[in-house]
Structure formats: C-alpha cells, structure tokens
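Listing of my_file-v2.txt; format and content: compact mmCIF, C-alpha atoms.
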```txt
# COMPACT_ATOMS: atom_id res chain seq x y z
CA MET A 94 0.00 0.00 0.00
CA MET A 95 2.87 2.35 0.93
CA MET A 96 4.52 1.43 -2.35
CA ASN A 97 1.35 2.25 -4.27
CA THR A 98 1.03 5.65 -2.64
CA SER A 99 4.66 6.48 -3.30
CA THR A 100 4.34 5.41 -6.94
CA PHE A 101 1.20 7.49 -7.32
CA LEU A 102 2.84 10.61 -5.86
CA THR A 103 5.93 10.16 -8.03
CA ALA A 104 3.75 9.77 -11.14
CA ALA A 105 1.72 12.85 -10.19
CA VAL A 106 4.87 14.94 -9.78
CA ILE A 107 6.25 13.71 -13.12
CA ILE A 108 2.95 14.44 -14.88
CA ALA A 109 2.84 17.90 -13.32
CA LEU A 110 6.41 18.60 -14.42
CA ILE A 111 5.73 17.32 -17.95
CA SER A 112 2.52 19.37 -18.16
CA SER A 113 4.38 22.42 -17.00
CA GLY A 114 7.11 21.82 -19.53
CA CYS A 115 4.62 21.33 -22.37
CA SER A 116 2.80 24.59 -21.73
CA SER A 117 4.04 27.18 -24.22
CA ASP A 118 5.04 30.58 -22.94
CA SER A 119 2.23 32.08 -25.02
CA ASN A 120 -0.31 30.24 -22.90
CA GLN A 121 1.07 31.53 -19.64
CA GLN A 122 0.42 34.93 -18.19
CA LYS A 123 1.50 36.42 -14.91
CA ASP A 124 -0.86 37.28 -12.09
CA ASN A 125 1.20 39.07 -9.43
CA GLY A 126 4.03 36.64 -10.04
CA ASN A 127 1.81 33.57 -10.29
CA VAL A 128 1.64 31.70 -13.57
CA ILE A 129 -1.81 31.72 -15.23
CA LEU A 130 -2.53 28.91 -17.63
CA GLY A 131 -4.52 29.82 -20.71
CA LYS A 132 -4.72 33.34 -22.08
CA VAL A 133 -6.93 36.26 -22.95
CA GLU A 134 -7.33 36.47 -26.70
CA LEU A 135 -8.23 39.59 -28.70
CA THR A 136 -9.83 38.88 -32.08
CA ASP A 137 -12.06 40.31 -34.82
CA GLY A 138 -10.87 43.84 -34.13
CA TRP A 139 -11.34 46.90 -36.30
CA ALA A 140 -11.76 50.63 -35.89
CA ARG A 141 -13.63 53.35 -37.72
CA PRO A 142 -12.04 56.22 -39.66
CA GLY A 143 -11.68 59.57 -37.90
CA SER A 144 -9.92 62.85 -38.49
CA LYS A 145 -7.38 64.47 -36.19
CA GLY A 146 -9.15 66.14 -33.25
CA ASN A 147 -12.30 64.11 -33.84
CA THR A 148 -13.53 60.73 -32.57
CA SER A 149 -13.37 57.11 -33.68
CA GLY A 150 -14.87 53.86 -32.42
CA ALA A 151 -13.18 50.49 -32.13
CA TYR A 152 -14.54 46.98 -31.77
CA LEU A 153 -13.17 43.55 -30.92
CA THR A 154 -13.90 40.31 -29.13
CA ILE A 155 -12.12 39.56 -25.86
CA ALA A 156 -12.06 35.86 -24.99
CA ASN A 157 -11.04 34.90 -21.48
CA GLY A 158 -9.32 31.56 -22.01
CA THR A 159 -8.04 31.36 -18.45
CA ALA A 160 -9.56 29.37 -15.61
CA GLU A 161 -10.70 32.41 -13.63
CA ALA A 162 -12.67 35.59 -14.17
CA ASP A 163 -10.80 38.72 -15.20
CA THR A 164 -11.78 42.36 -15.46
CA LEU A 165 -11.09 44.84 -18.25
CA ARG A 166 -10.12 47.87 -16.17
CA ARG A 167 -8.68 50.47 -18.51
CA ILE A 168 -8.18 51.15 -22.20
CA SER A 169 -5.75 53.53 -23.85
CA SER A 170 -4.35 54.29 -27.27
CA PRO A 171 -1.38 56.33 -28.42
CA ALA A 172 -3.63 57.66 -31.21
CA ALA A 173 -6.13 59.34 -28.88
CA GLY A 174 -6.09 61.95 -26.16
CA LYS A 175 -8.63 59.93 -24.21
CA THR A 176 -9.92 56.39 -24.60
CA GLU A 177 -12.98 54.96 -22.86
CA LEU A 178 -15.35 52.04 -23.07
CA HIS A 179 -18.89 53.21 -23.91
CA GLN A 180 -22.28 51.59 -24.33
CA SER A 181 -24.76 52.75 -26.97
CA TYR A 182 -28.45 52.64 -26.11
CA SER A 183 -31.79 53.30 -27.75
CA GLU A 184 -34.84 54.73 -26.07
CA GLY A 185 -38.40 53.86 -27.03
CA ASP A 186 -39.01 57.15 -28.85
CA GLY A 187 -36.35 56.50 -31.49
CA VAL A 188 -33.67 58.44 -29.63
CA SER A 189 -30.13 57.04 -29.38
CA GLY A 190 -27.21 57.90 -27.15
CA MET A 191 -24.23 56.44 -25.38
CA ARG A 192 -22.75 56.44 -21.92
CA PRO A 193 -19.45 55.36 -20.29
CA ALA A 194 -19.56 51.65 -19.46
CA GLY A 195 -16.96 51.27 -16.69
CA PRO A 196 -14.88 48.14 -15.95
CA GLN A 197 -16.14 44.89 -17.47
CA ALA A 198 -15.85 41.50 -15.76
CA ILE A 199 -15.30 38.54 -18.07
CA LYS A 200 -15.92 35.10 -16.58
CA ALA A 201 -13.61 32.19 -17.28
CA ALA A 202 -14.16 30.74 -20.76
CA GLN A 203 -16.48 33.65 -21.63
CA GLU A 204 -16.26 36.40 -24.24
CA LEU A 205 -16.86 40.11 -24.09
CA VAL A 206 -18.01 41.24 -27.52
CA LEU A 207 -17.66 44.88 -28.54
CA ASN A 208 -19.73 45.59 -31.64
CA PRO A 209 -21.61 48.44 -33.39
CA GLY A 210 -24.67 49.61 -31.49
CA GLY A 211 -23.42 48.10 -28.23
CA LEU A 212 -20.22 48.24 -26.23
CA HIS A 213 -17.46 50.05 -28.06
CA ILE A 214 -14.13 51.73 -27.49
CA MET A 215 -14.28 55.53 -27.82
CA LEU A 216 -11.11 57.07 -29.19
CA MET A 217 -11.56 60.74 -28.35
CA ASN A 218 -9.52 63.73 -29.47
CA LEU A 219 -7.54 61.79 -32.06
CA ASN A 220 -4.01 63.06 -32.49
CA GLN A 221 -3.81 61.77 -36.05
CA ASP A 222 -6.07 61.01 -38.98
CA LEU A 223 -7.27 57.41 -39.14
CA ALA A 224 -8.09 56.47 -42.73
CA VAL A 225 -8.94 53.17 -44.39
CA GLY A 226 -5.70 51.22 -44.75
CA ASP A 227 -4.22 52.66 -41.54
CA SER A 228 -4.15 50.85 -38.22
CA VAL A 229 -4.46 51.91 -34.61
CA THR A 230 -2.93 50.40 -31.48
CA ILE A 231 -5.21 49.77 -28.50
CA ASN A 232 -3.90 48.85 -25.04
CA LEU A 233 -6.22 46.95 -22.75
CA GLU A 234 -5.43 46.55 -19.07
CA PHE A 235 -6.86 43.54 -17.27
CA ALA A 236 -6.92 43.00 -13.51
CA ARG A 237 -5.26 39.54 -13.62
CA VAL A 238 -3.39 39.11 -16.88
CA GLY A 239 -2.15 42.69 -17.06
CA SER A 240 -1.78 44.73 -20.24
CA GLN A 241 -2.42 43.44 -23.73
CA SER A 242 -1.98 45.38 -26.94
CA VAL A 243 -3.62 44.88 -30.27
CA LYS A 244 -3.28 46.64 -33.60
CA LEU A 245 -6.62 47.16 -35.35
CA PRO A 246 -7.19 47.94 -39.06
CA ILE A 247 -9.24 51.01 -39.96
CA GLN A 248 -12.32 49.94 -41.87
CA ILE A 249 -15.64 51.33 -43.08
CA GLN A 250 -18.68 49.35 -41.99
CA GLN A 251 -20.56 47.96 -44.97
CA MET B 297 -97.72 56.04 -76.40
CA ASN B 298 -94.86 58.15 -77.65
CA ARG B 299 -94.94 60.09 -74.40
CA VAL B 300 -94.68 56.81 -72.51
CA LYS B 301 -91.73 55.75 -74.67
CA SER B 302 -90.10 59.08 -74.14
CA THR B 303 -90.58 58.89 -70.38
CA LEU B 304 -89.14 55.39 -70.35
CA LYS B 305 -86.15 56.61 -72.38
CA ILE B 306 -85.53 59.45 -69.91
CA HIS B 307 -85.74 57.01 -67.01
CA ALA B 308 -83.36 54.68 -68.86
CA ASN B 309 -80.94 57.56 -69.49
CA LYS B 310 -81.16 58.63 -65.86
CA SER B 311 -80.54 55.06 -64.76
CA THR B 312 -77.53 54.74 -67.10
CA MET B 313 -76.14 58.07 -65.91
CA LYS B 314 -76.58 57.05 -62.29
CA SER B 315 -74.85 53.75 -62.97
CA THR B 316 -72.00 55.49 -64.84
CA PHE B 317 -71.62 58.01 -62.03
CA THR B 318 -71.51 55.24 -59.41
CA THR B 319 -68.93 53.33 -61.47
CA PHE B 320 -66.87 56.51 -61.90
CA CYS B 321 -66.97 57.24 -58.15
CA SER B 322 -66.03 53.65 -57.32
CA ALA B 323 -63.12 53.76 -59.76
CA LEU B 324 -61.99 57.07 -58.27
CA LEU B 325 -62.20 55.66 -54.74
CA LEU B 326 -60.35 52.50 -55.78
CA THR B 327 -57.62 54.53 -57.48
CA ALA B 328 -57.25 56.68 -54.37
CA LEU B 329 -57.12 53.58 -52.17
CA LEU B 330 -54.54 51.92 -54.38
CA ALA B 331 -52.49 55.09 -54.49
CA SER B 332 -52.55 55.37 -50.72
CA CYS B 333 -51.45 51.74 -50.39
CA SER B 334 -48.46 52.05 -52.70
CA ASN B 335 -47.53 55.68 -52.15
CA PRO B 336 -46.43 56.92 -48.72
CA ASN B 337 -48.63 59.63 -47.22
CA VAL B 338 -47.36 63.11 -46.59
CA ILE B 339 -45.95 63.23 -43.06
CA LYS B 340 -44.85 66.85 -43.18
CA ASP B 341 -44.75 69.44 -45.93
CA ILE B 342 -41.67 71.67 -45.70
CA GLY B 343 -41.76 72.70 -49.35
CA ASP B 344 -42.55 76.32 -48.49
CA SER B 345 -39.78 76.56 -45.87
CA SER B 346 -36.33 77.95 -46.48
CA TYR B 347 -33.29 77.24 -44.31
CA GLN B 348 -29.91 78.72 -45.16
CA LEU B 349 -27.30 76.00 -44.63
CA LEU B 350 -23.74 75.28 -45.72
CA ASN B 351 -22.47 72.38 -47.75
CA SER B 352 -19.17 70.66 -46.91
CA ASP B 353 -17.43 72.79 -49.57
CA SER B 354 -18.77 75.88 -47.74
CA THR B 355 -21.20 76.77 -50.53
CA ALA B 356 -24.59 78.13 -49.46
CA VAL B 357 -27.57 75.78 -49.59
CA ASP B 358 -31.23 76.76 -49.51
CA PHE B 359 -32.93 73.78 -47.87
CA PRO B 360 -35.13 72.25 -49.12
CA GLY B 361 -35.49 74.53 -52.15
CA ASP B 362 -32.19 73.51 -53.72
CA TYR B 363 -33.38 69.89 -53.77
CA SER B 364 -36.70 70.67 -55.46
CA GLY B 365 -37.47 68.27 -58.30
CA GLN B 366 -35.36 65.51 -56.75
CA ILE B 367 -36.08 62.75 -54.26
CA SER B 368 -33.98 63.13 -51.13
CA VAL B 369 -32.97 60.55 -48.58
CA ILE B 370 -32.20 62.57 -45.45
CA SER B 371 -30.38 61.46 -42.30
CA PHE B 372 -28.97 63.27 -39.26
CA ILE B 373 -25.54 62.71 -37.76
CA TYR B 374 -22.71 64.33 -35.84
CA THR B 375 -19.13 63.50 -36.69
CA HIS B 376 -17.98 63.02 -33.07
CA CYS B 377 -20.40 60.09 -32.84
CA PRO B 378 -18.24 56.98 -33.21
CA ASP B 379 -20.88 54.28 -33.04
CA VAL B 380 -24.50 54.93 -34.07
CA CYS B 381 -23.94 57.68 -36.68
CA PRO B 382 -21.44 55.70 -38.81
CA VAL B 383 -24.04 52.91 -38.89
CA ILE B 384 -26.56 55.44 -40.22
CA THR B 385 -24.05 56.58 -42.85
CA ALA B 386 -23.39 52.94 -43.78
CA ASN B 387 -27.14 52.43 -44.21
CA MET B 388 -27.39 55.51 -46.43
CA LYS B 389 -24.60 54.09 -48.62
CA ASN B 390 -26.39 50.74 -48.74
CA ILE B 391 -29.62 52.44 -49.86
CA GLN B 392 -27.64 54.21 -52.58
CA SER B 393 -25.94 51.01 -53.72
CA GLN B 394 -29.25 49.12 -53.89
CA LEU B 395 -30.78 51.64 -56.29
CA ASP B 396 -30.39 50.57 -59.90
CA ASP B 397 -30.89 54.15 -61.02
CA THR B 398 -29.87 57.02 -58.76
CA THR B 399 -30.80 59.74 -61.25
CA ASN B 400 -32.49 62.62 -59.47
CA VAL B 401 -31.90 61.10 -56.04
CA ARG B 402 -29.90 62.99 -53.41
CA PHE B 403 -28.49 61.70 -50.13
CA ILE B 404 -28.38 64.39 -47.46
CA GLU B 405 -26.74 64.14 -44.04
CA ILE B 406 -27.51 67.06 -41.74
CA SER B 407 -25.39 67.64 -38.64
CA PHE B 408 -27.13 68.18 -35.33
CA ASP B 409 -23.83 69.42 -33.92
CA PRO B 410 -23.14 72.52 -36.07
CA GLU B 411 -20.86 74.03 -33.40
CA ARG B 412 -18.21 71.38 -33.98
CA ASP B 413 -19.25 70.18 -37.41
CA THR B 414 -17.96 73.02 -39.55
CA PRO B 415 -18.03 72.54 -43.33
CA SER B 416 -14.40 71.38 -43.32
CA VAL B 417 -15.10 68.81 -40.57
CA MET B 418 -18.07 67.55 -42.60
CA ALA B 419 -15.77 67.42 -45.66
CA ASP B 420 -13.28 65.26 -43.72
CA TYR B 421 -16.09 62.90 -42.67
CA LYS B 422 -17.33 62.69 -46.27
CA LYS B 423 -13.85 61.84 -47.49
CA LEU B 424 -13.02 59.34 -44.73
CA TYR B 425 -16.32 57.53 -45.24
CA GLN B 426 -15.84 57.58 -49.02
CA LEU B 427 -19.16 59.25 -49.83
CA ASN B 428 -19.56 60.38 -53.43
CA ASP B 429 -20.94 63.62 -54.82
CA GLN B 430 -24.54 62.46 -54.54
CA PHE B 431 -24.09 63.06 -50.82
CA SER B 432 -24.62 66.54 -49.39
CA MET B 433 -23.17 67.05 -45.93
CA LEU B 434 -25.07 69.99 -44.48
CA THR B 435 -24.32 72.18 -41.48
CA GLY B 436 -24.64 75.88 -40.76
CA ASN B 437 -25.38 78.52 -38.20
CA PRO B 438 -26.43 76.70 -34.99
CA THR B 439 -29.63 78.75 -34.62
CA GLU B 440 -30.65 78.01 -38.20
CA VAL B 441 -29.81 74.30 -37.91
CA ASP B 442 -31.65 74.00 -34.58
CA SER B 443 -34.69 75.67 -36.12
CA LEU B 444 -34.67 73.17 -39.01
CA LEU B 445 -34.22 70.20 -36.66
CA SER B 446 -37.11 71.41 -34.54
CA HIS B 447 -39.30 71.79 -37.63
CA LEU B 448 -38.44 68.22 -38.63
CA ASN B 449 -39.10 66.88 -35.09
CA ILE B 450 -35.47 65.80 -34.72
CA VAL B 451 -34.22 65.60 -31.13
CA ALA B 452 -30.59 66.55 -30.37
CA GLN B 453 -29.37 67.17 -26.82
CA LYS B 454 -25.82 67.63 -25.60
CA VAL B 455 -24.69 65.18 -22.92
CA GLN B 456 -21.54 65.96 -20.96
CA VAL B 457 -19.19 63.07 -20.20
CA ASP B 458 -18.08 63.04 -16.56
CA SER B 459 -14.50 62.08 -17.39
CA VAL B 460 -14.02 65.07 -19.69
CA ARG B 461 -16.44 67.49 -18.04
CA GLN B 462 -13.73 70.12 -17.69
CA ASP B 463 -13.45 70.29 -21.47
CA SER B 464 -16.62 71.91 -22.80
CA THR B 465 -15.84 70.76 -26.36
CA GLN B 466 -15.89 67.08 -25.39
CA TYR B 467 -19.57 66.25 -25.21
CA MET B 468 -21.77 63.56 -26.68
CA MET B 469 -25.26 63.87 -28.03
CA LYS B 470 -28.51 62.10 -27.41
CA HIS B 471 -30.27 62.22 -30.74
CA SER B 472 -33.04 61.01 -33.01
CA ASN B 473 -32.20 58.03 -35.11
CA THR B 474 -34.11 58.92 -38.26
CA ILE B 475 -34.04 58.68 -42.03
CA TYR B 476 -36.64 60.71 -43.95
CA LEU B 477 -37.70 60.30 -47.54
CA MET B 478 -38.54 63.69 -49.09
CA ASP B 479 -40.30 63.99 -52.44
CA GLN B 480 -39.73 66.41 -55.33
CA GLN B 481 -42.02 69.02 -53.72
CA GLY B 482 -40.26 69.09 -50.36
CA ARG B 483 -42.78 66.85 -48.63
CA ILE B 484 -41.62 64.26 -46.10
CA ARG B 485 -43.23 61.05 -47.27
CA ALA B 486 -41.69 58.33 -45.09
CA GLU B 487 -39.75 57.97 -41.84
CA TYR B 488 -37.48 55.08 -40.80
CA PRO B 489 -35.29 54.04 -37.85
CA ALA B 490 -32.00 55.05 -39.44
CA ASN B 491 -29.64 52.36 -38.20
CA LEU B 492 -32.12 49.50 -38.45
CA VAL B 493 -34.23 49.91 -41.57
CA PRO B 494 -33.42 47.38 -44.28
CA PRO B 495 -32.21 49.43 -47.29
CA GLU B 496 -34.64 47.63 -49.61
CA HIS B 497 -37.61 49.06 -47.68
CA VAL B 498 -36.45 52.60 -48.40
CA VAL B 499 -35.67 51.72 -52.02
CA GLU B 500 -39.17 50.28 -52.46
CA ASP B 501 -40.85 53.43 -51.11
CA LEU B 502 -38.50 55.64 -53.11
CA GLN B 503 -39.55 53.95 -56.35
CA THR B 504 -43.21 54.85 -55.71
CA LEU B 505 -42.25 58.54 -55.60
CA ARG B 506 -40.59 58.57 -59.04
```
Please rewrite the model in this file as structure tokens.
Amino acid sequence: MMMNTSTFLTAAVIIALISSGCSSDSNQQKDNGNVILGKVELTDGWARPGSKGNTSGAYLTIANGTAEADTLRRISSPAAGKTELHQSYSEGDGVSGMRPAGPQAIKAAQELVLNPGGLHIMLMNLNQDLAVGDSVTINLEFARVGSQSVKLPIQIQQ
Amino acid sequence: MNRVKSTLKIHANKSTMKSTFTTFCSALLLTALLASCSNPNVIKDIGDSSYQLLNSDSTAVDFPGDYSGQISVISFIYTHCPDVCPVITANMKNIQSQLDDTTNVRFIEISFDPERDTPSVMADYKKLYQLNDQFSMLTGNPTEVDSLLSHLNIVAQKVQVDSVRQDSTQYMMKHSNTIYLMDQQGRIRAEYPANLVPPEHVVEDLQTLR
C-alpha cells in the first residue's frame, strides 16, 4: 500500500512537471508573479475612420481563455487623447445615445463582444487622422493578466 | 304612347347616368385607395420653408429649395459620434448602392452638432467615409440648424461626459435616429429608424415617388 502511494505521488509529480514543460510561454500569463494557464485572446478587431481632433470607435472580441474571471479595467491608445469604453443605447421614442460603461468582468471561458450599437471603445480627441488602410494600437489593461496590446485595421462598416 | 316611350327613355338615361356616375366614383375611390397603399402619405410638408445652410465645400444651400425636383434621402448625424452615426451613414450608402438608377436622387446628411461640425469637418467625414458627390453634408449657423431640426421633429441634446467634463468641447449627443424620404415638392413622405431599416424598404418606397 505504501509502495502504491509512493508510486502514485511520483507519477503525479512527473505528470505535473511534464505538463508544465509542455505549456508554451504564449499560454502563460502572470498574475502578481503567479503563472496563469490559458490566455486572454483579442480577435475580430477593427476601428472606424476619424480625423485628427475628432472621434473614432473600435470593436473587438475579448475571450477569457483562463480558468478564472478577469476584469477589463482600462483602455488607452497612443492615437487618442482619451480612450474609454462606452455603451450605446436606444430609447423607445427613437432616440439614441451612449454612456461610459466602466470596468467589465469577463468570466472564465467567456467572451466580451464589442460591436456596433453596443459596447465600443471611444477614441476621443484623435491626435492623427485614421483612414482606411491605416491601423491603430489599442492597449487593454486587465486585472489579472495585465496589459495586452492589439493593432486594429481602420475599416468602413458595410 | 310616344310620351310613354319618351318617359321610359328618360328614365333609362337617368338610370344609365346614375350607374356610370356610381362606377366613376367607385373607380376614383379605388384609385385613391390603391395610391394610398403604394404611395407613402405626406408626413410633413416643408416645401414652403427655407433654411440657409452650408455644404461641406462651404457653398450656401437653400434647404429644401435647392433639392426641389429631386427625391432626397435625409439622415442626421454628428461626426464626433463613433458608433451609431457611422451605422446610419453605412445604411445611407447601402440604400444608394441598392438603387439601380440614382438619377435625381440625393443623399443628405444634416449635422445636429453645427458648433463642432464646420463645413471642413463635414468634408473630412465625407472623405473618410468615401461618400460620393450624390451626398450633401449639411451644417450651418447653430440657430438656423436648430430651427430646421425642430421643424423636422429631430431631437438633439448635448450630454456631458463626466471624465471630460472640464473640457466643454468634449460632449456627446442624445439624438433622433431617423431617415426621412422627401419627395420632389419638399414633402416628407416616409420615416425610418435610421440604423435598423433594411435598405430595400427605403428603395421600395422611393420607387413609388418617381
């Protein structure tokens, strides 16, 4: 029985070491020094055109591929004087508007989708023109996995 | 006997006339009904109004007089709007692209933020969104634009953002989400939710106004 337990523990340690060794660096992110398996992925991103001094909107899908919830805390961009997450809304009388959305929690294995007419990134007071064919860098800061950057193409919605 | 025949003939003529009149009235009623089914009613007549606006090349525009004789698809935007307004512009382009013949059709986008949307800002928006010369991007004196918006029942209210409250130029707007179809006489004939209406619905109504 003692032998069996010892064998089991040894096997468990070996498996753990092998698993650790097999995990690519790209699937590991730091959480205050702790290793986080899985990653937050940023896909399907694009941003609207905008002229210098004006405003643009950006969209993407954030997939939390880690085992725990994370929170999108802040957004910034070198192309804008101010960057915020906003939510568009419609009222019953055909009136539309938008308001700041604040931090967004994303559960493990869940997605946060930013798309036209809903949640979107506001790029305010652009310090450069953004035309079709250009790209814009967006920095997203998460509570657990830290900062992630993504470069989005400038596109016109069809 | 002849008098009897004559009386009968008069009665017959009266009967025929009555029948013809009834048929004529029915046909008229039917025509009117059919016309009202296929042709949008007049929602508002602004044909006698005159608003002095500016195009994106800074030329003066008399609205709606300068568009008389053409069918106009009219929407309302502001260029600092990064989400809903570009969807409206995209829908306007889709309406344009779904028309087989765009002869005598104009696409007009009127700013409800004339303070920031100067003609040159509207020109930048037109260029960045690749809108062709069938599009008129209208702005103007804020009092004049506000008066037009009010006449057209378009709501536009400034909303200050807390995070940039110290900067009075950084505001958003709560606004109507509307596309109007205006006929050749300056009459508004149809109204749509601008970011949601399928382009083919507008195209279908537009064809009935030709």
Item to check | Length of the CA of His213 in chain A to CA of Ser352 in chain B vector [Å] | outcome: 28.0 Å
Write out as a Markdown table the residues of chain B that have any atom within 6 Å of an atom of chain A, one row each with the nearest atom pair and its distance in Å to one decimal, counting only C-alpha atoms, sorted by chain and then rising number.
```
| residue | atom | partner | partner_atom | distance |
| --- | --- | --- | --- | --- |
| B:His376 | CA | A:Thr148 | CA | 5.0 |
| B:Pro378 | CA | A:Gly150 | CA | 4.7 |
| B:Asp379 | CA | A:Pro209 | CA | 5.9 |
| B:Val380 | CA | A:Gly210 | CA | 5.9 |
| B:Ala386 | CA | A:Gln251 | CA | 5.9 |
| B:Lys470 | CA | A:Gly190 | CA | 4.4 |
| B:His471 | CA | A:Val188 | CA | 5.2 |
| B:Ser472 | CA | A:Val188 | CA | 4.3 |
| B:Asn473 | CA | A:Val188 | CA | 5.7 |
```
Checklist outcome for this item: Taken to one decimal, the CA of Asn157 in chain A-CA of Gly174 in chain A distance is 27.9 Å
Item to check | Interatomic distance, CA of Ser364 in chain B to CA of Gln348 in chain B (Å, one decimal) | outcome: 14.7 Å
Item to check | Non-local contacts of Leu427 in chain B (10 Å; all atoms listed in the file; under 4 positions in same chain excluded) as a VMD selection string | outcome: chain B and resid 385 to 386 388 to 389 403 419 421 to 423 431 to 433
Close residues, Pro494 in chain B itself excluded, 12 Å, all atoms listed in the file, min 2 positions apart in chain, as a CSV table (one decimal) with C-alpha atoms, in the coordinates of the input:
```csv
chain,number,residue,atom,x,y,z
B,384,ILE,CA,-26.6,55.4,-40.2
B,386,ALA,CA,-23.4,52.9,-43.8
B,387,ASN,CA,-27.1,52.4,-44.2
B,388,MET,CA,-27.4,55.5,-46.4
B,389,LYS,CA,-24.6,54.1,-48.6
B,390,ASN,CA,-26.4,50.7,-48.7
B,391,ILE,CA,-29.6,52.4,-49.9
B,394,GLN,CA,-29.2,49.1,-53.9
B,475,ILE,CA,-34.0,58.7,-42.0
B,488,TYR,CA,-37.5,55.1,-40.8
B,489,PRO,CA,-35.3,54.0,-37.8
B,490,ALA,CA,-32.0,55.0,-39.4
B,491,ASN,CA,-29.6,52.4,-38.2
B,492,LEU,CA,-32.1,49.5,-38.4
B,496,GLU,CA,-34.6,47.6,-49.6
B,497,HIS,CA,-37.6,49.1,-47.7
B,498,VAL,CA,-36.4,52.6,-48.4
B,499,VAL,CA,-35.7,51.7,-52.0
B,500,GLU,CA,-39.2,50.3,-52.5
B,501,ASP,CA,-40.8,53.4,-51.1
```
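Look at Ile342 in chain B: the protein and nucleic acid residues within 8 Å of it, using all atoms listed in the file and passing over chain neighbours fewer than 3 places away, are Ser345, Pro360, Gly482, Arg483 and Ile484 of chain B.
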Next on the checklist: Applying 8 Å and only C-alpha atoms, which residues near Thr136 in chain A remain after dropping the ones on its own chain fewer than 4 positions away? List them as number ranges by chain.
Outcome noted: A: 153-155
Starting from the structure just given, write a file holding range 408-415 of chain B with all heavy atoms, as a PDB file, in the first residue's frame.
```pdb
ATOM      1  N   PHE B 408     -26.457  67.528 -36.448  1.00  0.00           N
ATOM      2  CA  PHE B 408     -27.134  68.184 -35.331  1.00  0.00           C
ATOM      3  C   PHE B 408     -26.125  68.674 -34.300  1.00  0.00           C
ATOM      4  O   PHE B 408     -26.462  68.916 -33.155  1.00  0.00           O
ATOM      5  CB  PHE B 408     -28.249  67.341 -34.687  1.00  0.00           C
ATOM      6  CG  PHE B 408     -28.074  65.869 -34.657  1.00  0.00           C
ATOM      7  CD1 PHE B 408     -26.883  65.285 -34.254  1.00  0.00           C
ATOM      8  CD2 PHE B 408     -29.122  65.053 -35.028  1.00  0.00           C
ATOM      9  CE1 PHE B 408     -26.749  63.933 -34.211  1.00  0.00           C
ATOM     10  CE2 PHE B 408     -28.991  63.685 -34.995  1.00  0.00           C
ATOM     11  CZ  PHE B 408     -27.808  63.124 -34.591  1.00  0.00           C
ATOM     12  N   ASP B 409     -24.887  68.859 -34.764  1.00  0.00           N
ATOM     13  CA  ASP B 409     -23.835  69.425 -33.917  1.00  0.00           C
ATOM     14  C   ASP B 409     -23.071  70.486 -34.720  1.00  0.00           C
ATOM     15  O   ASP B 409     -21.872  70.362 -34.951  1.00  0.00           O
ATOM     16  CB  ASP B 409     -22.893  68.302 -33.475  1.00  0.00           C
ATOM     17  CG  ASP B 409     -21.843  68.759 -32.485  1.00  0.00           C
ATOM     18  OD1 ASP B 409     -22.019  69.837 -31.876  1.00  0.00           O
ATOM     19  OD2 ASP B 409     -20.835  68.039 -32.317  1.00  0.00           O
ATOM     20  N   PRO B 410     -23.792  71.546 -35.170  1.00  0.00           N
ATOM     21  CA  PRO B 410     -23.144  72.517 -36.065  1.00  0.00           C
ATOM     22  C   PRO B 410     -21.991  73.271 -35.417  1.00  0.00           C
ATOM     23  O   PRO B 410     -21.130  73.795 -36.129  1.00  0.00           O
ATOM     24  CB  PRO B 410     -24.288  73.470 -36.446  1.00  0.00           C
ATOM     25  CG  PRO B 410     -25.303  73.309 -35.371  1.00  0.00           C
ATOM     26  CD  PRO B 410     -25.201  71.894 -34.897  1.00  0.00           C
ATOM     27  N   GLU B 411     -21.963  73.312 -34.068  1.00  0.00           N
ATOM     28  CA  GLU B 411     -20.862  74.031 -33.398  1.00  0.00           C
ATOM     29  C   GLU B 411     -19.515  73.377 -33.714  1.00  0.00           C
ATOM     30  O   GLU B 411     -18.521  74.054 -33.960  1.00  0.00           O
ATOM     31  CB  GLU B 411     -21.080  74.025 -31.886  1.00  0.00           C
ATOM     32  CG  GLU B 411     -22.204  74.952 -31.451  1.00  0.00           C
ATOM     33  CD  GLU B 411     -22.484  74.848 -29.973  1.00  0.00           C
ATOM     34  OE1 GLU B 411     -21.545  74.615 -29.195  1.00  0.00           O
ATOM     35  OE2 GLU B 411     -23.670  74.962 -29.600  1.00  0.00           O
ATOM     36  N   ARG B 412     -19.468  72.068 -33.688  1.00  0.00           N
ATOM     37  CA  ARG B 412     -18.208  71.380 -33.979  1.00  0.00           C
ATOM     38  C   ARG B 412     -18.117  70.955 -35.436  1.00  0.00           C
ATOM     39  O   ARG B 412     -17.018  70.865 -35.998  1.00  0.00           O
ATOM     40  CB  ARG B 412     -18.047  70.152 -33.062  1.00  0.00           C
ATOM     41  CG  ARG B 412     -17.818  70.511 -31.608  1.00  0.00           C
ATOM     42  CD  ARG B 412     -17.550  69.293 -30.754  1.00  0.00           C
ATOM     43  NE  ARG B 412     -18.674  68.352 -30.719  1.00  0.00           N
ATOM     44  CZ  ARG B 412     -18.734  67.290 -29.920  1.00  0.00           C
ATOM     45  NH1 ARG B 412     -17.733  67.035 -29.088  1.00  0.00           N
ATOM     46  NH2 ARG B 412     -19.780  66.492 -29.938  1.00  0.00           N
ATOM     47  N   ASP B 413     -19.259  70.660 -36.027  1.00  0.00           N
ATOM     48  CA  ASP B 413     -19.254  70.178 -37.413  1.00  0.00           C
ATOM     49  C   ASP B 413     -19.268  71.347 -38.394  1.00  0.00           C
ATOM     50  O   ASP B 413     -20.287  71.674 -39.007  1.00  0.00           O
ATOM     51  CB  ASP B 413     -20.446  69.244 -37.657  1.00  0.00           C
ATOM     52  CG  ASP B 413     -20.234  67.878 -37.034  1.00  0.00           C
ATOM     53  OD1 ASP B 413     -19.068  67.542 -36.731  1.00  0.00           O
ATOM     54  OD2 ASP B 413     -21.230  67.163 -36.835  1.00  0.00           O
ATOM     55  N   THR B 414     -18.114  71.959 -38.554  1.00  0.00           N
ATOM     56  CA  THR B 414     -17.965  73.024 -39.552  1.00  0.00           C
ATOM     57  C   THR B 414     -17.955  72.368 -40.936  1.00  0.00           C
ATOM     58  O   THR B 414     -17.790  71.138 -41.042  1.00  0.00           O
ATOM     59  CB  THR B 414     -16.641  73.767 -39.321  1.00  0.00           C
ATOM     60  OG1 THR B 414     -15.577  72.807 -39.459  1.00  0.00           O
ATOM     61  CG2 THR B 414     -16.582  74.396 -37.938  1.00  0.00           C
ATOM     62  N   PRO B 415     -18.102  73.146 -41.998  1.00  0.00           N
ATOM     63  CA  PRO B 415     -18.032  72.542 -43.334  1.00  0.00           C
ATOM     64  C   PRO B 415     -16.779  71.697 -43.550  1.00  0.00           C
ATOM     65  O   PRO B 415     -16.852  70.610 -44.139  1.00  0.00           O
ATOM     66  CB  PRO B 415     -18.073  73.758 -44.265  1.00  0.00           C
ATOM     67  CG  PRO B 415     -18.889  74.756 -43.513  1.00  0.00           C
ATOM     68  CD  PRO B 415     -18.483  74.581 -42.074  1.00  0.00           C
TER      69      PRO B 415
END
```
